[in-house]
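First the structure, in the form of structure tokens, and then the observations on it.
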Amino acid sequence: MVYVRNAWYVAGWSQESLPPRPLGIRVLNEPIVIWRSENGDLAAFEDRCVHRLAPLSLGRCEGEKLRCMYHGLLYDRGGRVVEIPGQGHVANNLRVRTYPVVERYGWLWVWMGDAAAADEGLIPPVTGMDDPEYICGHGQLDYYAEARFVSDNLLDLSHVSFLHTKSAYSSETWAREPPKVSEHRHGVRIERWLRGERRHHSVDTNADKLADVYARYDFFVPGVFLMTDDAYPPGTADALDGQPPPDLDRAPKKFFALQAITPLTEKTSRSSYIMAAHRDHGGAAQCDATMAVVRKIFAEDKAMIEAQQRIIDTSPGWRFIATSADRGVVLYNRLVETLAREESTSTAN
Amino acid sequence: MVYVRNAWYVAGWSQESLPPRPLGIRVLNEPIVIWRSENGDLAAFEDRCVHRLAPLSLGRCEGEKLRCMYHGLLYDRGGRVVEIPGQGHVANNLRVRTYPVVERYGWLWVWMGDAAAADEGLIPPVTGMDDPEYICGHGQLDYYAEARFVSDNLLDLSHVSFLHTKSAYSSETWAREPPKVSEHRHGVRIERWLRGERRHHSVDTNADKLADVYARYDFFVPGVFLMTDDAYPPGTADALDGQPPPDLDRAPKKFFALQAITPLTEKTSRSSYIMAAHRDHGGAAQCDATMAVVRKIFAEDKAMIEAQQRIIDTSPGWRFIATSADRGVVLYNRLVETLAREESTSTAN
Amino acid sequence: MVYVRNAWYVAGWSQESLPPRPLGIRVLNEPIVIWRSENGDLAAFEDRCVHRLAPLSLGRCEGEKLRCMYHGLLYDRGGRVVEIPGQGHVANNLRVRTYPVVERYGWLWVWMGDAAAADEGLIPPVTGMDDPEYICGHGQLDYYAEARFVSDNLLDLSHVSFLHTKSAYSSETWAREPPKVSEHRHGVRIERWLRGERRHHSVDTNADKLADVYARYDFFVPGVFLMTDDAYPPGTADALDGQPPPDLDRAPKKFFALQAITPLTEKTSRSSYIMAAHRDHGGAAQCDATMAVVRKIFAEDKAMIEAQQRIIDTSPGWRFIATSADRGVVLYNRLVETLAREESTSTAN
């Protein structure tokens, strides 16, 4: 699979990098350690001591430095070895590769490509766990499958009507009525009206009444999914002639779901997710109800995606076919391929 | 290892394919789904949706059709896609490979070769679980070993005297006196008299008396083993001058053991087995006694065969040598090789 | 990694080869069976029956012979097949490879190289479990890592100050003051004084007083580690001008630690270890106290070494750098490479 390197990948949660314990993770099959100094500054290194390749993520933060806890080599924030116990002189060129790293929305993001090209403007413009207006539940799920298959799953939600029949209760309308799919600068947007639906899993006291539901999600490179929806009185969709509700981005959303898909190794990946309910629209009760449902839903996705991976593993020369419902999948994967091609061209020059 | 493709392989038990749940299995490393329609008709497909390669065995039988439960593609019994949710037109050529499948003796059999050559006459002529005269126990055991090594184990029962010393209690006579081995149209037959043996594991009240035992087993391509034996008064073997008891196939057998060896992947295989006692000769009591013993015996076989596989895995350029006791092994494997060669020749032409 | 073949490798404990049960093990990725005859004589074979490659370690010692318990082939102590059940004649050339094997210090040692070159004088001159003056605890630990990384760990004990901060309590002096490293005929010796140290993990009633500690360890080809230390009144080190205590090898040591590292497969290895306390210096109490600590220490080593292996596995073209503390590592690995090169040259001639 082709991945974009000049992009920010979610590598963990903010609270996972509290001193003195660094955080070890793989991204695009590269071992990475993220650590926070006493002053609170973040750094990300390749997770591999220059000495004997021990993981620095088993090391210890010491003030503004990171110590390998195998034989004690000490690194400054720039990745340079500044002390080797028992040895007077330290060569100047002993250093590990560093990665740009930033903290945003409660997540740690690492830039996997050319450091000179790192641009914080490319972090997807979402709302996250650090927004005080929301009560958030969060979780993490590892897949024994290529990240692409997890992304594809999110980019074609027609599967909800089948795979999640018993957990999401959505009608087949979801699969049968094609949504509107459009491309934007760094991803794709999928949106739709569902007319006269019953809202499951809502703690809203009006939830048993039929409503017109407007649902929208964005999928940003390199793997961030943001979904929101809201209910309107029956007839709204037709009254608006299928256009989005005009107030949609004016008021705070009542609910959103945020997910980041990180390719760990060639055939493993991680989803880090947040289910957020606005304090004034269900708050903790809505958040708990949603979390209970998505745990079931994600378990169903995981079983299917891992089974799909096993089939693919014994299908030499396999290929997918695209259906109408794959519009978002196709647009997004084409975008990724274009970006990856541009990267390799600019690297070649 | 060489396998015959134009043959019926046991792929499961009849009761495993009850709607709405299809049965997924690998045979010769191919993922296969077997399903039964509302009318009771069986079908077998490659277990791989044309769309995104999700396993159809996680799908759902709907009347006379099978639905993939990832994105809802619907297949008819011929393997053709007849519906794609959200898409009006379905291309004519969207189909999965189908396999001939039949139900016999309580088992589901799939034909792995050229469908035009599928011949039910090639299903081994055995007695099975569906015979009302017998009380049957049944079980299933998976081996982390090539199917060939499991077959070889059954084709050379001299191992019973050594490997099963503490479970089968057979004397070393079993190993030291060579049986008669002959080839027939679709397998080999091995038969022998054992003179003056004590019958272990029999609920027959005369079991502690010495008897002459006549034992016979057939091993049919591609891996079906049928064994039967019976006890006669001491002296019978000599009186018959070592010839088979003349009434052997006239009356129903008191007891038989039936086993099917299925190659799942290159290095995994499955044994599906039945231990059957005639209703008038021990019935459920004999069946239970036999099942208790074979569970121990098969566990010993499994440990040895898997250990053998591990040794082979680190023995590049390995080869077996054949002893006198390997007569059945040699004849059977030669037959398989001949059939496989004929297949590839006829395919090439 | 390069290994010496003309060397004695620890393959197990004496008590593991009691008839009728043989001992199966891998050394340098070769399956080996070690067995003891009724007369008490040891033999070591490749663990692979000539017939169908079943492991002979699942076999049975019968008097002066070893029987394969799959189909009953019988081997004499020279590795020759002397009986095949059910077959009159046995070809003369049916034999398995044999390995020189000896018992020493409570361990079984196999010679992995040219049998003609086997020289018991090459067994490292250590004290072992069979010394009646000591109370010994013993254990065994398997690593999912190349043996070389386990040896390197023992050859550079500067790691004790960091990796074992919370278990061994040794000060950083251990890492910061370089020990004396020297080469001897079949390995390296590392020795040092530690001035004014507190002795942890000692049952000696004077243990809380500061002492000068002299520590020494030898690492012998192909992987045997022997460590001893003793405490002296403060000031002794300076009074001796850093020279070893003159009585060190005259009296029995109060304590020693002995470890053998065996390469099992390419990426697995085993440590077999003994912690020994002299009967007159703590005895069982000291032995128990030491065992409790080393279990923690070895668990820390195992976690680090296996993590190091995982990093190396995804670091194509990796290499180590050597620090001052690696003097012993470098000398020892150079010695191994030299011996291995000499072997291949003499084999080539």
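To be explicit about the labels: the chains of the structure tokens are called A, B, and onward in the order shown, and within each one the residues are counted from 1, while ligands get numbers from 1 in the order they are shown.
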Alpha helix (DSSP H) call set, DSSP backbone run, stretch 148-331 of chain B, as a VMD selection string: chain B and resid 148 to 155 160 to 163 173 to 176 236 to 239 283 to 313 327 to 331
A:Leu210 surroundings by only C-alpha atoms, 9 Å radius, close-in-sequence under 2 positions cut, as a ChimeraX atom specification: /A:195-199,206-208,212,233-234
Since we have the selection now, will you write its residues out, keeping all heavy atoms, as a tab-separated table (two decimals), in the first residue's frame?
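Contents of out21.tsv, as written:
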chain	number	residue	atom	x	y	z
A	195	ARG	N	-34.35	10.67	5.66
A	195	ARG	CA	-35.68	11.20	5.93
A	195	ARG	C	-36.47	10.25	6.82
A	195	ARG	O	-36.53	9.04	6.56
A	195	ARG	CB	-36.43	11.42	4.62
A	195	ARG	CG	-35.88	12.60	3.81
A	195	ARG	CD	-36.32	12.56	2.37
A	195	ARG	NE	-35.92	13.75	1.61
A	195	ARG	CZ	-34.70	13.89	1.06
A	195	ARG	NH1	-33.80	12.93	1.17
A	195	ARG	NH2	-34.42	15.01	0.39
A	196	GLY	N	-37.08	10.79	7.86
A	196	GLY	CA	-37.99	10.02	8.70
A	196	GLY	C	-37.37	8.82	9.37
A	196	GLY	O	-37.90	7.72	9.34
A	197	GLU	N	-36.24	9.03	9.97
A	197	GLU	CA	-35.52	7.95	10.65
A	197	GLU	C	-35.82	7.95	12.15
A	197	GLU	O	-36.08	8.99	12.75
A	197	GLU	CB	-34.00	8.16	10.48
A	197	GLU	CG	-33.46	7.78	9.13
A	197	GLU	CD	-33.20	6.29	8.98
A	197	GLU	OE1	-32.50	5.72	9.84
A	197	GLU	OE2	-33.69	5.68	8.00
A	198	ARG	N	-35.73	6.76	12.74
A	198	ARG	CA	-35.77	6.69	14.20
A	198	ARG	C	-34.33	6.80	14.69
A	198	ARG	O	-33.41	6.23	14.12
A	198	ARG	CB	-36.38	5.35	14.64
A	198	ARG	CG	-36.83	5.32	16.08
A	198	ARG	CD	-37.59	4.03	16.38
A	198	ARG	NE	-38.78	3.88	15.54
A	198	ARG	CZ	-39.93	4.54	15.75
A	198	ARG	NH1	-40.06	5.34	16.78
A	198	ARG	NH2	-40.95	4.36	14.94
A	199	ARG	N	-34.12	7.58	15.73
A	199	ARG	CA	-32.73	7.77	16.21
A	199	ARG	C	-32.43	6.80	17.35
A	199	ARG	O	-32.92	6.93	18.45
A	199	ARG	CB	-32.54	9.20	16.73
A	199	ARG	CG	-32.96	10.25	15.71
A	199	ARG	CD	-32.30	11.57	16.03
A	199	ARG	NE	-30.88	11.49	15.75
A	199	ARG	CZ	-29.98	12.29	16.30
A	199	ARG	NH1	-30.32	13.17	17.21
A	199	ARG	NH2	-28.71	12.19	15.98
A	206	ASN	N	-36.77	13.03	22.92
A	206	ASN	CA	-37.56	12.98	21.69
A	206	ASN	C	-37.05	11.91	20.71
A	206	ASN	O	-37.47	11.87	19.56
A	206	ASN	CB	-37.53	14.34	20.98
A	206	ASN	CG	-38.29	15.38	21.79
A	206	ASN	OD1	-39.36	15.08	22.31
A	206	ASN	ND2	-37.71	16.55	21.93
A	207	ALA	N	-36.13	11.09	21.19
A	207	ALA	CA	-35.43	10.18	20.28
A	207	ALA	C	-36.35	9.17	19.63
A	207	ALA	O	-36.05	8.65	18.55
A	207	ALA	CB	-34.31	9.45	21.04
A	208	ASP	N	-37.50	8.86	20.27
A	208	ASP	CA	-38.35	7.84	19.66
A	208	ASP	C	-39.23	8.42	18.56
A	208	ASP	O	-39.92	7.69	17.86
A	208	ASP	CB	-39.20	7.15	20.74
A	208	ASP	CG	-39.98	8.16	21.54
A	208	ASP	OD1	-39.61	9.36	21.51
A	208	ASP	OD2	-40.97	7.76	22.17
A	212	ASP	N	-35.88	13.90	10.47
A	212	ASP	CA	-34.95	13.96	9.34
A	212	ASP	C	-33.56	14.16	9.94
A	212	ASP	O	-33.36	15.05	10.78
A	212	ASP	CB	-35.29	15.14	8.41
A	212	ASP	CG	-36.47	14.79	7.48
A	212	ASP	OD1	-37.07	13.72	7.68
A	212	ASP	OD2	-36.77	15.61	6.58
A	233	PRO	N	-36.89	18.42	12.36
A	233	PRO	CA	-38.29	17.95	12.23
A	233	PRO	C	-38.51	17.28	10.87
A	233	PRO	O	-37.90	17.69	9.88
A	233	PRO	CB	-39.11	19.24	12.33
A	233	PRO	CG	-38.21	20.23	13.01
A	233	PRO	CD	-36.81	19.85	12.63
A	234	PRO	N	-39.38	16.26	10.84
A	234	PRO	CA	-39.67	15.60	9.57
A	234	PRO	C	-40.09	16.63	8.53
A	234	PRO	O	-40.82	17.58	8.85
A	234	PRO	CB	-40.83	14.66	9.91
A	234	PRO	CG	-40.71	14.43	11.38
A	234	PRO	CD	-40.13	15.68	11.96
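Considering the residues A:Thr265, A:Ser17, A:Thr127, A:Ser324 and counting only C-alpha atoms, chain C has its shortest atom-to-atom contact with A:Thr265.
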Residue among C:Lys209, C:Arg77, C:Arg60, C:Lys267 lying closest to chain B, counting only C-alpha atoms: C:Arg60
Got a sec to pull out which chain B residues are within 7 Å of chain A, counting only C-alpha atoms, and send them as a compact mmCIF listing (two decimals) with N, CA and C atoms, in the first residue's frame?
# COMPACT_ATOMS: atom_id res chain seq x y z
N ARG B 48 -14.88 -15.44 -0.80
CA ARG B 48 -14.19 -14.19 -1.08
C ARG B 48 -15.11 -13.34 -1.95
N VAL B 50 -16.44 -10.63 -4.37
CA VAL B 50 -15.75 -9.98 -5.49
C VAL B 50 -15.41 -8.51 -5.20
N HIS B 51 -16.19 -7.91 -4.29
CA HIS B 51 -16.08 -6.48 -4.05
C HIS B 51 -14.78 -6.11 -3.32
N ARG B 52 -14.69 -6.55 -2.05
CA ARG B 52 -13.50 -6.20 -1.26
C ARG B 52 -12.89 -7.42 -0.58
N LEU B 53 -13.18 -8.59 -1.11
CA LEU B 53 -12.60 -9.84 -0.64
C LEU B 53 -12.98 -10.24 0.79
N ALA B 54 -14.07 -9.70 1.28
CA ALA B 54 -14.55 -10.13 2.60
C ALA B 54 -15.01 -11.58 2.49
N PRO B 55 -14.86 -12.35 3.54
CA PRO B 55 -15.31 -13.75 3.49
C PRO B 55 -16.84 -13.85 3.49
N MET B 69 -22.13 -9.92 4.28
CA MET B 69 -22.57 -9.01 5.32
C MET B 69 -21.57 -7.90 5.61
N TYR B 70 -20.67 -7.66 4.64
CA TYR B 70 -19.85 -6.45 4.80
C TYR B 70 -20.60 -5.28 4.14
N HIS B 71 -20.75 -5.33 2.80
CA HIS B 71 -21.45 -4.22 2.14
C HIS B 71 -22.72 -4.67 1.43
N GLY B 72 -23.14 -5.93 1.69
CA GLY B 72 -24.46 -6.33 1.28
C GLY B 72 -24.61 -6.91 -0.13
N PRO B 85 -26.22 -3.14 -3.17
CA PRO B 85 -27.02 -2.07 -2.57
C PRO B 85 -26.52 -0.69 -2.97
N GLY B 86 -27.44 0.14 -3.39
CA GLY B 86 -27.09 1.52 -3.76
C GLY B 86 -26.65 1.67 -5.19
N GLN B 87 -26.64 0.56 -5.92
CA GLN B 87 -26.18 0.62 -7.31
C GLN B 87 -27.25 -0.03 -8.18
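Proximity to stretch 27-43 of chain B at 6 Å, evaluated using only C-alpha atoms and with sequence-adjacent residues fewer than 6 positions away removed, yields Ser17, Pro19, Ser57, Gly63, Glu64, Pro263, Leu264 and Thr265 of chain B.
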In stretch 201-279 of chain A, DSSP strand (DSSP E) residues written as JSON, numbers by chain: {"A": [211, 212, 213, 214, 215, 216, 217, 218, 219, 220, 224, 225, 226, 227, 228, 229, 230, 231, 232, 255, 256, 257, 258, 259, 260, 261, 262, 263, 264, 265, 268, 269, 270, 271, 272, 273, 274, 275, 276, 277, 278]}
Name all residues at most 10 Å from A:Gln15 (count only C-alpha atoms; drop same-chain ones fewer than 6 positions away) and give them as a PDB file with all heavy atoms, in the first residue's frame.
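File around-v2.pdb, as written:
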ATOM      1  N   LEU A  23       7.096   7.363  25.450  1.00  0.00           N
ATOM      2  CA  LEU A  23       6.091   6.562  24.756  1.00  0.00           C
ATOM      3  C   LEU A  23       6.714   5.929  23.511  1.00  0.00           C
ATOM      4  O   LEU A  23       7.304   6.633  22.686  1.00  0.00           O
ATOM      5  CB  LEU A  23       4.935   7.473  24.342  1.00  0.00           C
ATOM      6  CG  LEU A  23       3.930   6.926  23.314  1.00  0.00           C
ATOM      7  CD1 LEU A  23       3.119   5.773  23.908  1.00  0.00           C
ATOM      8  CD2 LEU A  23       2.995   8.032  22.840  1.00  0.00           C
ATOM      9  N   GLY A 106      -5.529  16.923  22.039  1.00  0.00           N
ATOM     10  CA  GLY A 106      -5.343  15.804  22.970  1.00  0.00           C
ATOM     11  C   GLY A 106      -4.534  14.664  22.387  1.00  0.00           C
ATOM     12  O   GLY A 106      -4.363  13.624  23.016  1.00  0.00           O
ATOM     13  N   TRP A 107      -4.038  14.856  21.162  1.00  0.00           N
ATOM     14  CA  TRP A 107      -3.233  13.821  20.513  1.00  0.00           C
ATOM     15  C   TRP A 107      -1.805  14.299  20.267  1.00  0.00           C
ATOM     16  O   TRP A 107      -1.558  15.513  20.131  1.00  0.00           O
ATOM     17  CB  TRP A 107      -3.851  13.438  19.151  1.00  0.00           C
ATOM     18  CG  TRP A 107      -4.957  12.432  19.228  1.00  0.00           C
ATOM     19  CD1 TRP A 107      -5.152  11.474  20.178  1.00  0.00           C
ATOM     20  CD2 TRP A 107      -6.030  12.266  18.279  1.00  0.00           C
ATOM     21  NE1 TRP A 107      -6.280  10.733  19.885  1.00  0.00           N
ATOM     22  CE2 TRP A 107      -6.835  11.194  18.732  1.00  0.00           C
ATOM     23  CE3 TRP A 107      -6.398  12.910  17.101  1.00  0.00           C
ATOM     24  CZ2 TRP A 107      -7.964  10.759  18.043  1.00  0.00           C
ATOM     25  CZ3 TRP A 107      -7.527  12.471  16.413  1.00  0.00           C
ATOM     26  CH2 TRP A 107      -8.301  11.408  16.885  1.00  0.00           C
ATOM     27  N   LEU A 108      -0.908  13.337  20.136  1.00  0.00           N
ATOM     28  CA  LEU A 108       0.463  13.613  19.717  1.00  0.00           C
ATOM     29  C   LEU A 108       0.564  13.260  18.243  1.00  0.00           C
ATOM     30  O   LEU A 108       0.187  12.161  17.843  1.00  0.00           O
ATOM     31  CB  LEU A 108       1.441  12.732  20.512  1.00  0.00           C
ATOM     32  CG  LEU A 108       1.327  12.863  22.041  1.00  0.00           C
ATOM     33  CD1 LEU A 108       2.131  11.770  22.733  1.00  0.00           C
ATOM     34  CD2 LEU A 108       1.794  14.243  22.473  1.00  0.00           C
TER      35      LEU A 108
END
Between atom CA of C:Tyr217 and atom CA of C:Ile190, distance in Å (one decimal): 5.4 Å
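Here atom CA of B:Asp47 stands at a distance of 14.3 Å from atom CA of B:Leu94.
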I want to know what sits within 9 Å of C:Gln259, based on only C-alpha atoms, with residues of the same chain fewer than 6 positions away left out; could you give that as an mmCIF file with all heavy atoms, in the first residue's frame?
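As a result, selection_2.cif now contains:
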data_model
loop_
_atom_site.group_PDB
_atom_site.id
_atom_site.type_symbol
_atom_site.label_atom_id
_atom_site.label_comp_id
_atom_site.auth_asym_id
_atom_site.auth_seq_id
_atom_site.Cartn_x
_atom_site.Cartn_y
_atom_site.Cartn_z
ATOM 1 N N GLY C 223 30.296 -19.605 25.707
ATOM 2 C CA GLY C 223 29.248 -18.811 26.336
ATOM 3 C C GLY C 223 29.055 -19.119 27.810
ATOM 4 O O GLY C 223 27.921 -19.214 28.277
ATOM 5 N N VAL C 224 30.161 -19.273 28.534
ATOM 6 C CA VAL C 224 30.053 -19.605 29.950
ATOM 7 C C VAL C 224 30.611 -18.450 30.776
ATOM 8 O O VAL C 224 31.728 -17.992 30.540
ATOM 9 C CB VAL C 224 30.793 -20.921 30.268
ATOM 10 C CG1 VAL C 224 30.748 -21.201 31.759
ATOM 11 C CG2 VAL C 224 30.161 -22.064 29.485
ATOM 12 N N PHE C 225 29.801 -18.038 31.714
ATOM 13 C CA PHE C 225 30.086 -16.858 32.525
ATOM 14 C C PHE C 225 30.262 -17.304 33.969
ATOM 15 O O PHE C 225 29.396 -17.985 34.528
ATOM 16 C CB PHE C 225 28.871 -15.927 32.373
ATOM 17 C CG PHE C 225 28.814 -14.754 33.307
ATOM 18 C CD1 PHE C 225 29.350 -13.529 32.924
ATOM 19 C CD2 PHE C 225 28.182 -14.845 34.536
ATOM 20 C CE1 PHE C 225 29.248 -12.425 33.765
ATOM 21 C CE2 PHE C 225 28.086 -13.752 35.381
ATOM 22 C CZ PHE C 225 28.613 -12.537 34.996
ATOM 23 N N LEU C 226 31.386 -16.932 34.586
ATOM 24 C CA LEU C 226 31.627 -17.272 35.991
ATOM 25 C C LEU C 226 31.990 -15.992 36.726
ATOM 26 O O LEU C 226 32.956 -15.314 36.372
ATOM 27 C CB LEU C 226 32.778 -18.276 36.104
ATOM 28 C CG LEU C 226 33.195 -18.645 37.538
ATOM 29 C CD1 LEU C 226 32.072 -19.384 38.264
ATOM 30 C CD2 LEU C 226 34.465 -19.487 37.517
ATOM 31 N N MET C 227 31.216 -15.686 37.753
ATOM 32 C CA MET C 227 31.452 -14.440 38.488
ATOM 33 C C MET C 227 31.664 -14.751 39.954
ATOM 34 O O MET C 227 31.018 -15.630 40.524
ATOM 35 C CB MET C 227 30.230 -13.540 38.357
ATOM 36 C CG MET C 227 30.433 -12.183 39.023
ATOM 37 S SD MET C 227 28.901 -11.243 39.026
ATOM 38 C CE MET C 227 29.538 -9.578 39.172
ATOM 39 N N SER C 271 19.519 -19.430 28.800
ATOM 40 C CA SER C 271 20.496 -19.274 29.867
ATOM 41 C C SER C 271 20.206 -20.329 30.924
ATOM 42 O O SER C 271 19.070 -20.471 31.384
ATOM 43 C CB SER C 271 20.374 -17.883 30.478
ATOM 44 O OG SER C 271 20.945 -17.867 31.760
ATOM 45 N N SER C 272 21.238 -21.093 31.299
ATOM 46 C CA SER C 272 21.140 -22.054 32.403
ATOM 47 C C SER C 272 22.048 -21.511 33.490
ATOM 48 O O SER C 272 23.225 -21.283 33.228
ATOM 49 C CB SER C 272 21.635 -23.434 31.958
ATOM 50 O OG SER C 272 20.970 -23.836 30.771
ATOM 51 N N TYR C 273 21.514 -21.283 34.668
ATOM 52 C CA TYR C 273 22.336 -20.585 35.674
ATOM 53 C C TYR C 273 22.314 -21.240 37.053
ATOM 54 O O TYR C 273 21.376 -21.943 37.415
ATOM 55 C CB TYR C 273 21.919 -19.121 35.788
ATOM 56 C CG TYR C 273 20.475 -18.906 36.177
ATOM 57 C CD1 TYR C 273 20.098 -18.859 37.514
ATOM 58 C CD2 TYR C 273 19.492 -18.744 35.208
ATOM 59 C CE1 TYR C 273 18.775 -18.650 37.877
ATOM 60 C CE2 TYR C 273 18.170 -18.534 35.560
ATOM 61 C CZ TYR C 273 17.821 -18.494 36.901
ATOM 62 O OH TYR C 273 16.511 -18.301 37.259
ATOM 63 N N ILE C 274 23.381 -20.974 37.764
ATOM 64 C CA ILE C 274 23.572 -21.470 39.124
ATOM 65 C C ILE C 274 23.983 -20.292 40.008
ATOM 66 O O ILE C 274 24.850 -19.516 39.608
ATOM 67 C CB ILE C 274 24.719 -22.500 39.171
ATOM 68 C CG1 ILE C 274 24.352 -23.749 38.381
ATOM 69 C CG2 ILE C 274 25.065 -22.877 40.601
ATOM 70 C CD1 ILE C 274 25.553 -24.645 38.125
ATOM 71 N N MET C 275 23.367 -20.169 41.150
ATOM 72 C CA MET C 275 23.832 -19.209 42.152
ATOM 73 C C MET C 275 24.302 -20.036 43.341
ATOM 74 O O MET C 275 23.507 -20.777 43.933
ATOM 75 C CB MET C 275 22.705 -18.259 42.586
ATOM 76 C CG MET C 275 22.161 -17.387 41.470
ATOM 77 S SD MET C 275 23.388 -16.197 40.842
ATOM 78 C CE MET C 275 23.069 -16.329 39.061
#
For stretch 280-297 of chain B: contacts at 8 Å, only C-alpha atoms, fewer than 4 positions along chain excluded, given as a list in words: Tyr134, Ile135, Cys136, Gly137, His138, His164, Ser167, Ala168, His201, Ser202, Val203, Asp204, Lys254, Phe255, Met275, Ala276 and Asp301 of chain B
Go ahead and save the residues from that selection, with C-alpha atoms, as a compact mmCIF listing (two decimals), in the first residue's frame.
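Writing done, so here's selection24.txt:
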# COMPACT_ATOMS: atom_id res chain seq x y z
CA TYR B 134 -25.17 -47.60 14.35
CA ILE B 135 -24.62 -45.43 17.38
CA CYS B 136 -21.89 -42.99 16.44
CA GLY B 137 -19.58 -40.75 18.36
CA HIS B 138 -17.78 -38.11 16.36
CA HIS B 164 0.11 -46.11 21.64
CA SER B 167 -3.44 -46.28 25.35
CA ALA B 168 -4.21 -49.05 22.86
CA HIS B 201 -11.65 -51.53 25.12
CA SER B 202 -14.51 -53.89 24.34
CA VAL B 203 -17.70 -53.88 26.36
CA ASP B 204 -18.37 -57.45 25.18
CA LYS B 254 -20.22 -54.80 14.73
CA PHE B 255 -17.91 -51.86 14.80
CA MET B 275 -16.55 -44.25 15.95
CA ALA B 276 -19.57 -46.45 15.31
CA ASP B 301 -0.66 -39.10 17.21
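If you look at atom CA of C:Ala340 and atom CA of C:Arg5, they are 7.3 Å away from each other.
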Contact residues around A:Ala215 with only C-alpha atoms at 6 Å, ignoring same-chain residues under 3 positions, as an MDAnalysis selection string: chainID A and resid 191:192 228:229
